[in-house]
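Next comes target-v1.cif, with mmCIF, C-alpha atoms.
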```
data_my_file
loop_
_atom_site.label_atom_id
_atom_site.label_comp_id
_atom_site.auth_asym_id
_atom_site.auth_seq_id
_atom_site.Cartn_x
_atom_site.Cartn_y
_atom_site.Cartn_z
CA MET A 1 37.30 95.45 150.26
CA THR A 2 33.76 96.89 150.28
CA ASN A 3 33.11 99.49 147.62
CA PRO A 4 32.03 102.82 149.24
CA ASN A 5 29.87 103.57 146.20
CA GLU A 6 27.83 100.45 147.00
CA ILE A 7 27.38 101.00 150.73
CA THR A 8 26.78 104.78 150.76
CA PRO A 9 23.25 104.65 149.23
CA HIS A 10 22.25 102.01 151.79
CA LEU A 11 23.63 104.10 154.66
CA PHE A 12 21.85 107.15 153.26
CA ARG A 13 18.52 105.28 153.54
CA THR A 14 19.21 104.08 157.09
CA GLU A 15 21.18 106.96 158.65
CA TYR A 16 20.06 110.16 156.91
CA SER A 17 16.70 110.28 158.70
CA LYS A 18 18.35 109.49 162.04
CA ILE A 19 20.75 112.43 161.69
CA VAL A 20 17.93 114.78 160.64
CA ALA A 21 15.73 113.62 163.53
CA VAL A 22 18.41 114.16 166.18
CA LEU A 23 19.34 117.56 164.74
CA CYS A 24 15.69 118.65 164.57
CA ARG A 25 15.19 117.66 168.17
CA SER A 26 17.99 120.08 169.06
CA PHE A 27 17.25 122.83 166.52
CA ASP A 28 13.41 122.75 166.62
CA ILE A 29 11.35 121.59 163.65
CA LYS A 30 11.09 125.14 162.25
CA HIS A 31 14.80 124.83 161.36
CA ILE A 32 14.38 121.51 159.55
CA GLU A 33 16.09 122.78 156.39
CA ILE A 34 19.27 123.49 158.38
CA ALA A 35 19.18 119.96 159.80
CA GLU A 36 18.71 118.50 156.31
CA ASP A 37 21.53 120.61 154.88
CA ILE A 38 23.92 119.38 157.59
CA ALA A 39 22.86 115.77 156.98
CA SER A 40 23.31 116.15 153.22
CA GLU A 41 26.74 117.78 153.64
CA THR A 42 27.73 114.92 155.94
CA PHE A 43 26.97 112.36 153.24
CA LEU A 44 28.67 114.46 150.58
CA LYS A 45 31.84 114.48 152.67
CA ALA A 46 31.52 110.72 153.22
CA SER A 47 31.19 110.02 149.50
CA GLU A 48 34.33 112.07 148.79
CA TYR A 49 36.45 110.94 151.76
CA TRP A 50 35.63 107.21 151.66
CA VAL A 51 36.48 106.84 147.97
CA VAL A 52 40.01 108.07 148.69
CA ASN A 53 40.59 106.68 152.20
CA GLY A 54 38.31 103.64 152.28
CA LEU A 55 35.45 102.85 154.62
CA PRO A 56 35.96 103.46 158.34
CA ASP A 57 35.47 100.56 160.76
CA ASN A 58 32.13 102.03 161.88
CA PRO A 59 30.63 104.10 159.02
CA ALA A 60 27.53 105.12 160.99
CA ALA A 61 29.60 106.44 163.92
CA TRP A 62 31.83 108.31 161.44
CA LEU A 63 28.74 109.99 159.97
CA TYR A 64 27.46 110.98 163.43
CA THR A 65 30.80 112.55 164.34
CA VAL A 66 30.91 114.58 161.11
CA ALA A 67 27.30 115.69 161.64
CA LYS A 68 28.15 116.85 165.19
CA ASN A 69 31.14 118.84 163.93
CA LYS A 70 29.16 120.43 161.11
CA ALA A 71 26.41 121.42 163.57
CA LYS A 72 29.04 123.00 165.83
CA ASP A 73 30.50 124.85 162.83
CA TYR A 74 27.04 126.15 162.00
CA PHE A 75 26.57 127.64 165.48
CA LYS A 76 30.06 129.14 165.41
CA HIS A 77 29.22 130.79 162.10
CA LEU A 78 25.94 132.02 163.57
CA SER A 79 27.68 133.58 166.56
CA ILE A 80 30.13 135.40 164.26
CA ILE A 81 27.23 136.88 162.28
CA GLU A 82 25.58 138.00 165.51
CA LYS A 83 28.81 139.64 166.67
CA ASN A 84 29.20 141.45 163.38
CA LYS A 85 25.70 142.80 163.76
CA LYS A 86 26.75 144.01 167.24
CA GLU A 87 23.80 142.19 168.78
CA GLU A 88 23.82 140.33 172.04
CA VAL A 89 25.56 137.04 171.48
CA ARG A 90 23.09 134.47 172.80
CA THR A 91 24.78 131.42 171.25
CA THR A 92 28.16 130.60 172.77
CA GLU A 93 30.21 127.46 172.45
CA LYS A 94 28.96 126.26 175.84
CA GLU A 95 25.37 126.71 174.72
CA TYR A 96 25.60 124.53 171.63
CA PRO A 97 22.83 121.93 171.63
CA THR A 98 23.97 118.53 172.83
CA LEU A 99 23.87 116.09 169.96
CA ASP A 100 23.77 112.57 171.32
CA PHE A 101 23.59 109.79 168.74
CA ASP A 102 23.03 107.05 171.27
CA THR A 103 20.38 104.42 170.50
CA LYS A 104 17.76 105.87 172.85
CA ASN A 105 18.07 109.45 171.62
CA ILE A 106 17.93 108.34 167.98
CA SER A 107 14.81 106.29 168.72
CA ASP A 108 13.15 109.10 170.69
CA SER A 109 14.05 111.65 168.01
CA GLN A 110 12.65 109.50 165.23
CA LEU A 111 9.47 108.83 167.20
CA GLU A 112 9.08 112.59 167.48
CA MET A 113 9.70 113.03 163.74
CA ILE A 114 7.08 110.40 162.92
CA PHE A 115 4.48 112.46 164.77
CA VAL A 116 5.81 115.68 163.23
CA THR A 117 5.43 114.46 159.64
CA CYS A 118 2.05 112.87 160.36
CA ASN A 119 0.49 116.09 161.59
CA PRO A 120 -3.23 116.10 160.62
CA VAL A 121 -2.93 119.80 159.80
CA ASN A 122 -1.73 118.48 156.41
CA SER A 123 -3.62 116.30 153.95
CA GLN A 124 -2.87 112.58 153.96
CA GLU A 125 -1.03 112.91 150.64
CA ALA A 126 1.16 115.68 152.09
CA GLN A 127 1.87 113.61 155.19
CA ILE A 128 3.07 110.68 153.12
CA CYS A 129 5.21 112.95 150.93
CA LEU A 130 6.80 114.49 154.03
CA ALA A 131 7.36 111.06 155.57
CA LEU A 132 9.05 109.79 152.40
CA GLN A 133 11.30 112.84 152.20
CA ILE A 134 12.08 113.49 155.88
CA LEU A 135 11.98 109.98 157.33
CA CYS A 136 13.33 108.09 154.31
CA GLY A 137 15.48 110.63 152.48
CA PHE A 138 13.56 110.35 149.21
CA SER A 139 14.22 112.86 146.44
CA VAL A 140 11.38 114.85 144.90
CA GLU A 141 11.70 112.74 141.75
CA GLU A 142 11.35 109.48 143.70
CA ILE A 143 8.27 110.77 145.50
CA ALA A 144 6.78 111.90 142.20
CA ASN A 145 7.34 108.40 140.81
CA ALA A 146 5.72 106.83 143.85
CA PHE A 147 2.63 109.05 143.47
CA LEU A 148 2.69 108.94 139.66
CA SER A 149 2.66 112.75 139.80
CA LYS A 150 4.62 115.60 138.28
CA THR A 151 7.66 116.81 140.21
CA GLU A 152 6.23 120.34 140.34
CA THR A 153 3.08 119.02 142.02
CA ILE A 154 5.15 117.22 144.65
CA LYS A 155 7.37 120.27 145.21
CA LYS A 156 4.33 122.44 145.93
CA ARG A 157 2.81 119.79 148.19
CA LEU A 158 6.03 119.50 150.18
CA GLN A 159 6.41 123.27 150.39
CA ARG A 160 2.90 123.73 151.80
CA GLY A 161 3.36 120.78 154.14
CA ARG A 162 6.64 122.07 155.54
CA GLU A 163 5.20 125.53 156.11
CA ALA A 164 2.34 123.98 158.08
CA LEU A 165 4.84 122.01 160.19
CA ARG A 166 6.75 125.19 161.04
CA THR A 167 3.65 126.94 162.35
CA HIS A 168 2.37 123.88 164.23
CA HIS A 169 5.67 122.59 165.61
CA PHE A 170 5.71 120.57 168.80
CA THR A 171 7.82 118.11 170.74
CA ILE A 172 6.62 114.68 171.72
CA ASP A 173 6.90 115.72 175.38
CA SER A 174 4.34 118.47 174.85
CA LEU A 175 1.65 116.01 173.75
CA SER A 176 -0.65 114.35 176.23
CA GLU A 177 -1.44 110.64 176.02
CA GLN A 178 -4.79 111.59 174.51
CA ASP A 179 -3.12 113.81 171.88
CA ILE A 180 -0.76 110.99 170.90
CA HIS A 181 -3.61 108.51 170.55
CA GLN A 182 -5.56 110.97 168.41
CA ARG A 183 -2.61 111.42 166.10
CA LEU A 184 -1.55 107.78 166.16
CA GLU A 185 -4.22 106.73 163.68
CA THR A 186 -2.69 109.04 161.07
CA VAL A 187 0.79 107.76 161.94
CA LEU A 188 -0.27 104.13 161.45
CA THR A 189 -2.02 104.96 158.17
CA THR A 190 1.11 106.66 156.85
CA LEU A 191 3.36 103.74 157.82
CA TYR A 192 0.84 101.32 156.30
CA LEU A 193 0.88 103.22 153.00
CA LEU A 194 4.67 103.53 153.14
CA PHE A 195 4.94 99.75 153.47
CA ASN A 196 2.43 99.19 150.66
CA GLU A 197 4.46 101.43 148.34
CA GLY A 198 7.39 99.10 148.97
CA TYR A 199 5.33 95.93 148.64
CA PHE A 200 3.68 97.03 145.36
CA SER A 201 6.08 99.70 144.16
CA ARG A 202 5.83 101.75 140.99
CA THR A 203 9.12 103.54 141.54
CA ASP A 204 12.09 103.01 139.19
CA ASN A 205 10.20 100.26 137.35
CA LEU A 206 10.54 97.97 140.36
CA LEU A 207 7.71 95.81 141.63
CA ILE A 208 9.18 95.59 145.13
CA ARG A 209 11.15 98.18 147.11
CA LYS A 210 12.62 96.25 150.04
CA ASP A 211 14.18 99.42 151.43
CA LEU A 212 10.71 100.91 151.88
CA CYS A 213 9.32 97.76 153.50
CA LEU A 214 12.25 97.59 155.93
CA GLU A 215 11.98 101.29 156.73
CA ALA A 216 8.27 100.95 157.48
CA ILE A 217 8.99 97.99 159.76
CA ARG A 218 11.80 99.85 161.54
CA LEU A 219 9.62 102.90 162.20
CA THR A 220 6.72 100.75 163.39
CA LEU A 221 9.09 98.92 165.75
CA ILE A 222 9.91 102.30 167.30
CA LEU A 223 6.20 102.73 168.06
CA THR A 224 6.09 99.38 169.88
CA ASP A 225 8.89 100.57 172.17
CA ASN A 226 6.86 103.55 173.46
CA GLN A 227 4.27 103.05 176.20
CA PHE A 228 1.73 105.38 174.58
CA THR A 229 2.01 103.97 171.06
CA ASN A 230 2.48 100.28 171.85
CA ILE A 231 -1.20 99.41 171.42
CA PRO A 232 -2.89 96.34 169.84
CA LYS A 233 -3.42 98.14 166.53
CA THR A 234 0.31 98.96 166.27
CA ASN A 235 1.27 95.35 166.92
CA ALA A 236 -1.28 94.16 164.37
CA LEU A 237 0.24 96.46 161.74
CA LEU A 238 3.74 95.20 162.57
CA ALA A 239 2.51 91.59 162.32
CA LEU A 240 1.05 92.35 158.88
CA MET A 241 4.36 93.84 157.72
CA CYS A 242 6.33 90.83 158.97
CA PHE A 243 4.04 88.29 157.29
CA GLN A 244 4.05 90.18 154.00
CA SER A 245 7.80 90.75 154.07
CA SER A 246 8.41 87.05 154.65
CA ARG A 247 7.37 86.36 151.03
CA LEU A 248 9.25 89.20 149.30
CA ASP A 249 12.05 87.02 147.91
CA ALA A 250 9.52 84.65 146.36
CA ARG A 251 7.42 87.33 144.66
CA THR A 252 9.83 88.14 141.83
CA ASN A 253 12.27 86.18 139.68
CA ASP A 254 15.85 87.12 138.76
CA GLU A 255 14.56 89.35 135.95
CA GLY A 256 12.34 91.31 138.35
CA GLU A 257 9.12 89.84 136.96
CA ALA A 258 6.24 89.14 139.32
CA ILE A 259 5.58 85.55 140.38
CA LEU A 260 1.93 84.73 141.10
CA PHE A 261 1.14 83.41 144.58
CA ASP A 262 0.31 79.89 143.33
CA GLU A 263 3.71 79.67 141.61
CA GLN A 264 5.88 80.98 144.47
CA ASP A 265 8.69 78.83 145.85
CA GLU A 266 7.74 78.43 149.52
CA THR A 267 11.31 77.49 150.43
CA LEU A 268 12.18 81.15 149.80
CA TRP A 269 9.74 82.35 152.46
CA ASP A 270 11.51 83.81 155.50
CA LYS A 271 10.52 81.59 158.44
CA ASN A 272 12.08 84.01 160.93
CA LEU A 273 9.82 86.85 159.77
CA ILE A 274 6.80 84.53 159.90
CA GLU A 275 7.64 83.73 163.53
CA LYS A 276 7.96 87.44 164.30
CA GLY A 277 4.60 88.02 162.62
CA ASN A 278 3.08 85.33 164.84
CA TYR A 279 4.57 87.00 167.92
CA TYR A 280 3.21 90.46 167.12
CA LEU A 281 -0.19 89.11 166.09
CA ILE A 282 -0.49 87.39 169.48
CA GLU A 283 0.58 90.66 171.14
CA ALA A 284 -2.12 92.47 169.15
CA CYS A 285 -4.83 90.17 170.46
CA GLN A 286 -3.82 89.82 174.12
CA ALA A 287 -5.24 93.04 175.60
CA ASN A 288 -8.67 92.87 177.18
CA ASN A 289 -11.53 94.29 175.11
CA THR A 290 -9.30 94.64 172.04
CA SER A 291 -11.34 95.98 169.15
CA VAL A 292 -10.66 94.30 165.81
CA SER A 293 -9.10 96.77 163.39
CA LYS A 294 -8.41 96.45 159.68
CA TYR A 295 -4.78 95.77 160.62
CA HIS A 296 -5.88 92.76 162.71
CA LEU A 297 -7.89 91.37 159.81
CA GLU A 298 -5.19 92.02 157.21
CA ALA A 299 -2.56 90.49 159.49
CA GLY A 300 -4.81 87.45 159.87
CA ILE A 301 -5.16 87.20 156.08
CA ALA A 302 -1.38 87.49 155.66
CA TYR A 303 -0.90 84.81 158.33
CA TRP A 304 -3.13 82.33 156.50
CA HIS A 305 -1.23 83.03 153.26
CA THR A 306 1.87 81.61 154.99
CA SER A 307 -0.07 78.55 156.21
CA SER A 308 -0.38 75.16 154.52
CA ALA A 309 -3.68 74.29 156.27
CA LYS A 310 -6.34 72.72 154.05
CA ASP A 311 -8.97 75.30 155.02
CA LYS A 312 -6.69 78.33 154.61
CA TRP A 313 -8.65 79.85 151.71
CA GLN A 314 -11.93 79.53 153.58
CA GLN A 315 -10.30 81.29 156.53
CA ILE A 316 -8.96 84.00 154.22
CA LEU A 317 -12.38 84.47 152.62
CA ASN A 318 -14.02 84.78 156.06
CA LEU A 319 -11.55 87.50 157.02
CA TYR A 320 -12.07 89.37 153.74
CA ASN A 321 -15.83 89.28 154.39
CA GLN A 322 -15.21 91.04 157.72
CA LEU A 323 -12.72 93.46 156.21
CA ALA A 324 -15.18 94.48 153.48
CA ILE A 325 -17.63 95.47 156.23
CA ILE A 326 -15.10 97.41 158.32
CA GLU A 327 -13.37 99.24 155.46
CA TYR A 328 -14.48 98.55 151.90
CA SER A 329 -12.09 99.30 149.07
CA PRO A 330 -11.67 98.09 145.47
CA VAL A 331 -8.49 96.24 146.50
CA THR A 332 -10.34 94.44 149.30
CA ALA A 333 -13.20 93.54 146.93
CA LEU A 334 -10.81 92.17 144.29
CA ASN A 335 -8.81 90.16 146.81
CA ARG A 336 -12.03 88.79 148.27
CA ALA A 337 -13.16 87.69 144.78
CA PHE A 338 -9.84 85.87 144.30
CA ALA A 339 -10.25 84.10 147.66
CA PHE A 340 -13.84 83.26 146.68
CA SER A 341 -12.54 81.56 143.52
CA LYS A 342 -10.12 79.52 145.60
CA VAL A 343 -12.95 78.24 147.78
CA TYR A 344 -15.75 77.76 145.22
CA GLY A 345 -13.93 77.57 141.86
CA ASN A 346 -13.34 80.03 139.02
CA GLU A 347 -16.66 79.48 137.25
CA ILE A 348 -18.75 80.31 140.31
CA ALA A 349 -16.47 83.27 141.05
CA PHE A 350 -17.18 85.00 137.70
CA PRO A 351 -20.35 86.79 138.91
CA GLU A 352 -18.63 87.82 142.16
CA ALA A 353 -15.80 89.42 140.20
CA GLU A 354 -17.77 90.92 137.31
CA LYS A 355 -20.34 92.63 139.53
CA LEU A 356 -17.53 94.83 140.88
CA ASN A 357 -17.45 96.51 137.45
CA LEU A 358 -14.06 98.15 138.06
CA THR A 359 -13.40 98.51 134.35
CA GLY A 360 -10.74 101.18 134.79
CA ASN A 361 -8.73 99.09 137.25
CA GLU A 362 -5.86 96.96 135.94
CA TYR A 363 -6.19 94.49 138.83
CA TYR A 364 -9.85 93.93 137.99
CA HIS A 365 -8.91 92.90 134.45
CA GLY A 366 -5.98 90.87 135.77
CA LEU A 367 -8.33 88.95 138.06
CA LEU A 368 -10.83 88.28 135.26
CA GLY A 369 -7.97 87.16 133.04
CA TYR A 370 -6.94 84.68 135.72
CA LEU A 371 -10.50 83.42 136.25
CA TYR A 372 -11.16 82.98 132.51
CA SER A 373 -7.78 81.38 131.66
CA GLU A 374 -8.84 77.72 131.82
CA ILE A 375 -12.42 78.15 130.60
CA HIS A 376 -12.54 81.03 128.07
CA PRO A 377 -8.99 81.74 126.75
CA ASP A 378 -10.16 84.49 124.37
CA GLN A 379 -11.86 86.35 127.21
CA ALA A 380 -8.78 85.85 129.36
CA ILE A 381 -6.52 87.32 126.66
CA TYR A 382 -8.83 90.33 126.30
CA HIS A 383 -8.75 91.09 130.03
CA PHE A 384 -5.00 90.52 130.37
CA GLU A 385 -4.41 92.92 127.46
CA GLU A 386 -6.69 95.50 129.11
CA ALA A 387 -4.66 95.13 132.30
CA ILE A 388 -1.44 95.66 130.29
CA ARG A 389 -2.92 98.82 128.77
CA LEU A 390 -3.95 100.23 132.15
CA THR A 391 -0.94 99.43 134.32
CA LYS A 392 2.07 101.76 134.41
CA SER A 393 4.29 99.16 136.08
CA LYS A 394 6.86 97.63 133.73
CA PRO A 395 7.26 94.39 135.77
CA GLU A 396 3.47 93.94 135.81
CA LYS A 397 3.29 94.47 132.05
CA GLN A 398 5.94 91.78 131.58
CA THR A 399 4.12 89.31 133.82
CA LEU A 400 0.75 89.94 132.16
CA GLN A 401 2.27 89.68 128.68
CA LYS A 402 3.75 86.32 129.62
CA GLN A 403 0.23 85.12 130.53
CA VAL A 404 -1.08 86.35 127.17
CA ASN A 405 1.74 84.60 125.30
CA LEU A 406 1.09 81.31 127.12
CA LEU A 407 -2.63 81.47 126.29
CA LYS A 408 -1.95 82.28 122.63
CA GLN A 409 0.60 79.49 122.41
CA SER A 410 -1.86 77.04 123.96
CA LYS A 411 -4.55 78.08 121.46
CA PHE A 412 -2.14 77.65 118.56
CA GLN A 413 -1.08 74.18 119.71
CA HIS A 414 -4.70 73.19 120.21
CA LYS A 415 -5.59 74.29 116.63
CA LYS A 416 -2.54 72.50 115.27
CA ALA A 417 -3.45 69.26 117.06
CA SER A 418 -7.07 69.39 115.81
CA ARG A 419 -6.09 69.57 112.12
#
```
For this file, produce the structure as structure tokens.
Amino acid sequence: MTNPNEITPHLFRTEYSKIVAVLCRSFDIKHIEIAEDIASETFLKASEYWVVNGLPDNPAAWLYTVAKNKAKDYFKHLSIIEKNKKEEVRTTEKEYPTLDFDTKNISDSQLEMIFVTCNPVNSQEAQICLALQILCGFSVEEIANAFLSKTETIKKRLQRGREALRTHHFTIDSLSEQDIHQRLETVLTTLYLLFNEGYFSRTDNLLIRKDLCLEAIRLTLILTDNQFTNIPKTNALLALMCFQSSRLDARTNDEGEAILFDEQDETLWDKNLIEKGNYYLIEACQANNTSVSKYHLEAGIAYWHTSSAKDKWQQILNLYNQLAIIEYSPVTALNRAFAFSKVYGNEIAFPEAEKLNLTGNEYYHGLLGYLYSEIHPDQAIYHFEEAIRLTKSKPEKQTLQKQVNLLKQSKFQHKKASR
């Protein structure tokens, strides 16, 4: 028998945002707190009822039914208050909003919520915070961990963001195709960052948060089902997510420690996700006059990482060269330097890496540690220890410390053999 305490957190991640989205579509976004309260009460009842009575045959449907009943109770309570105030009763039982939890309405409601939370009236940081909380059911503490911020900072950011949403509320039907396209760039950026937080997570001392990766994929899939948002750039982003997700199981060991790309067990790569990535990458490139976006280039890079072709690193380096021109970032520069070392060798790659001079970046020191490992062990140890000092990720510290220990052990054995 399945333990309700094990399945409830998973259902909370997958169903909470669906319930909130459908309720908000009926209540209006300015009443989002009411929708969230009803969703939270629904899960509270589930956690209490299922422990005693066991899981129902269809837990999701059970949750939807309870949410409907709680929404109806809310409107009944509201009508009683109105009667007591001797005001005109505008909410009757026949006028309760219709709450349909069919697949299409859930999808349409979540599409609307994606555009609600990614409203450019808010800063990008606020948009991501709202997306994590409203779309993914994250607590304030979890969001604070993801941003490496104080909980009070996140609370204020969410408060300001929600207030802005109330005063700029809309429905997806009220937006023109041009409006949707203007806002879509922010939507894609938020989903991209949401996926990245799962792929390189700093929450709860985990390197990977599969729940975040899967949520980002699910929400991006919703975009591909809408005629206005199913554009090449969306498909390219989905392809990138599929390729990257295909290697998740190979990126950490049983202890949660990171496994470097060269040491990954390729038999653990998900071939099905690689095929899906291929499909969406082809979709992203089929339209006439398709402009190459950063998502196209990153998807191409992720594709070549799953390939066994002899020239794969040259192909990856070529794509990083293009990406650095389109949208330069320290991460792009560091990844390009790594690809450069794969093509031309570590010794030639030293100047390429060192000229970046990202001395306050843990990945910069991690890269130099890798490049120096076989040639200058002392330099490698120095840079790995700098990376350990700078990173706040426990799994990364463990992986880097293992590299330091191996180098020190090798030095000791070398000294012992030379005596």
task = Given the file shown, determine the residues that the PyMOL selection byres ((chain A and resi 138) around 12) selects; report them as a PyMOL selection string.
result = chain A and resi 9+12-14+16-17+36+128-137+139-146+154+158+194+203+211-212+215
remark   = From the list A:Thr186, A:Asn69, A:Ser47, A:Ser107, the nearest residue to Val22 of chain A using all atoms listed in the file is A:Ser107
task = Name the closest residue to Thr399 of chain A among the candidates A:Gln322, A:Thr117, A:Thr229, A:Thr252; distances are taken between atoms, counting only C-alpha atoms.
result =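 Using only C-alpha atoms, the shortest distance to Thr399 of chain A belongs to A:Thr252.
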ask   = Pick the closest to Gly300 of chain A from A:Ile231, A:Cys213, A:Leu317, A:Leu78: which is it, counting only C-alpha atoms?
value =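 Of A:Ile231, A:Cys213, A:Leu317, A:Leu78, the one nearest Gly300 of chain A, counting only C-alpha atoms, is A:Leu317.
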Pick from A:Ser246, A:His168, A:Glu386, A:Leu11 nearest to Asn119 of chain A, counting only C-alpha atoms =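 Selected residue with least distance to Asn119 of chain A: A:His168.
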d(atom CA of Asn278 of chain A, atom CA of Pro330 of chain A) in Å =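 Between atom CA of Asn278 of chain A and atom CA of Pro330 of chain A the gap works out to 27.5 Å.
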query = Quick one, how far is atom CA of Arg209 of chain A from atom CA of Tyr192 of chain A?
reply =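 Atom CA of Arg209 of chain A sits 14.2 Å away from atom CA of Tyr192 of chain A.
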Can you give me, as a PDB file with C-alpha atoms, keeping the file's coordinate frame, the residues this file yields under the PyMOL selection byres ((chain A and resi 99) around 10)?
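The file below, part.pdb, is the result:
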```
ATOM      1  CA  ILE A  19      20.750 112.430 161.690  1.00  0.00           C
ATOM      2  CA  VAL A  22      18.410 114.160 166.180  1.00  0.00           C
ATOM      3  CA  LEU A  23      19.340 117.560 164.740  1.00  0.00           C
ATOM      4  CA  ARG A  25      15.190 117.660 168.170  1.00  0.00           C
ATOM      5  CA  SER A  26      17.990 120.080 169.060  1.00  0.00           C
ATOM      6  CA  TYR A  64      27.460 110.980 163.430  1.00  0.00           C
ATOM      7  CA  THR A  65      30.800 112.550 164.340  1.00  0.00           C
ATOM      8  CA  ALA A  67      27.300 115.690 161.640  1.00  0.00           C
ATOM      9  CA  LYS A  68      28.150 116.850 165.190  1.00  0.00           C
ATOM     10  CA  ASN A  69      31.140 118.840 163.930  1.00  0.00           C
ATOM     11  CA  ALA A  71      26.410 121.420 163.570  1.00  0.00           C
ATOM     12  CA  LYS A  72      29.040 123.000 165.830  1.00  0.00           C
ATOM     13  CA  TYR A  96      25.600 124.530 171.630  1.00  0.00           C
ATOM     14  CA  PRO A  97      22.830 121.930 171.630  1.00  0.00           C
ATOM     15  CA  THR A  98      23.970 118.530 172.830  1.00  0.00           C
ATOM     16  CA  ASP A 100      23.770 112.570 171.320  1.00  0.00           C
ATOM     17  CA  PHE A 101      23.590 109.790 168.740  1.00  0.00           C
ATOM     18  CA  ASP A 102      23.030 107.050 171.270  1.00  0.00           C
ATOM     19  CA  ASN A 105      18.070 109.450 171.620  1.00  0.00           C
ATOM     20  CA  ILE A 106      17.930 108.340 167.980  1.00  0.00           C
TER      21      ILE A 106
END
```
task = With a distance cut-off of 10 Å and all atoms listed in the file, select the neighbouring residues of His365 of chain A, excluding the residue or stretch itself and same-chain residues fewer than 4 positions from it, and output the selection as a list in words.
result =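 Close residues of His365 of chain A: Ala353, Glu354, Asn357, Leu358, Thr359, Gly360, Asn361, Gly369, Tyr370, Leu371, Ala380, Ile381, Tyr382, His383, Phe384, Glu385, Glu386, Ala387, Ile388 and Leu390 of chain A.
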key: Separation of atom CA of Ser201 of chain A from atom CA of Ile114 of chain A in Å   =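 Atom CA of Ser201 of chain A lies at a distance of 21.6 Å from atom CA of Ile114 of chain A.
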Residues picked by the PyMOL selection byres ((chain A and resi 161) around 10) here, as a PDB file with C-alpha atoms, keeping the file's coordinate frame?
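Saved as expr_3.pdb:
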```
ATOM      1  CA  THR A 117       5.430 114.460 159.640  1.00  0.00           C
ATOM      2  CA  ASN A 119       0.490 116.090 161.590  1.00  0.00           C
ATOM      3  CA  VAL A 121      -2.930 119.800 159.800  1.00  0.00           C
ATOM      4  CA  ASN A 122      -1.730 118.480 156.410  1.00  0.00           C
ATOM      5  CA  SER A 123      -3.620 116.300 153.950  1.00  0.00           C
ATOM      6  CA  GLU A 125      -1.030 112.910 150.640  1.00  0.00           C
ATOM      7  CA  ALA A 126       1.160 115.680 152.090  1.00  0.00           C
ATOM      8  CA  GLN A 127       1.870 113.610 155.190  1.00  0.00           C
ATOM      9  CA  CYS A 129       5.210 112.950 150.930  1.00  0.00           C
ATOM     10  CA  LEU A 130       6.800 114.490 154.030  1.00  0.00           C
ATOM     11  CA  LYS A 155       7.370 120.270 145.210  1.00  0.00           C
ATOM     12  CA  LYS A 156       4.330 122.440 145.930  1.00  0.00           C
ATOM     13  CA  ARG A 157       2.810 119.790 148.190  1.00  0.00           C
ATOM     14  CA  LEU A 158       6.030 119.500 150.180  1.00  0.00           C
ATOM     15  CA  GLN A 159       6.410 123.270 150.390  1.00  0.00           C
ATOM     16  CA  ARG A 160       2.900 123.730 151.800  1.00  0.00           C
ATOM     17  CA  ARG A 162       6.640 122.070 155.540  1.00  0.00           C
ATOM     18  CA  GLU A 163       5.200 125.530 156.110  1.00  0.00           C
ATOM     19  CA  ALA A 164       2.340 123.980 158.080  1.00  0.00           C
ATOM     20  CA  LEU A 165       4.840 122.010 160.190  1.00  0.00           C
ATOM     21  CA  ARG A 166       6.750 125.190 161.040  1.00  0.00           C
TER      22      ARG A 166
END
```
remark   = Of A:Lys411, A:Lys397, A:Lys355, A:Arg251, the one sitting nearest Ser373 of chain A when using all atoms listed in the file is A:Lys411
Quick one: 8 Å padding each side, axis-aligned, all listed atoms of segment 378-397 of chain A - centre and edge lengths in Å to one decimal, as JSON?
```
{"center_x": -2.3, "center_y": 93.1, "center_z": 130.2, "size_x": 35.1, "size_y": 33.3, "size_z": 27.7}
```
query = Near Cys242 of chain A, within 10 Å and counting only C-alpha atoms, which residues show up once chain neighbours fewer than 5 positions away are dropped, as a ChimeraX atom specification?
reply = /A:213-214,217,236-237,247,270,272-281,299,302-303
query = In terms of the shortest atom-to-atom distance over only C-alpha atoms, which of A:Lys45, A:Ile316, A:Ala216, A:Lys342 is closest to Asp262 of chain A?
reply =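 Result for the nearest residue to Asp262 of chain A: A:Lys342.
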Leu207 of chain A surroundings by only C-alpha atoms, 10 Å radius, close-in-sequence under 5 positions cut, as number ranges by chain = A: 197-202, 251-252, 256-258, 393-396
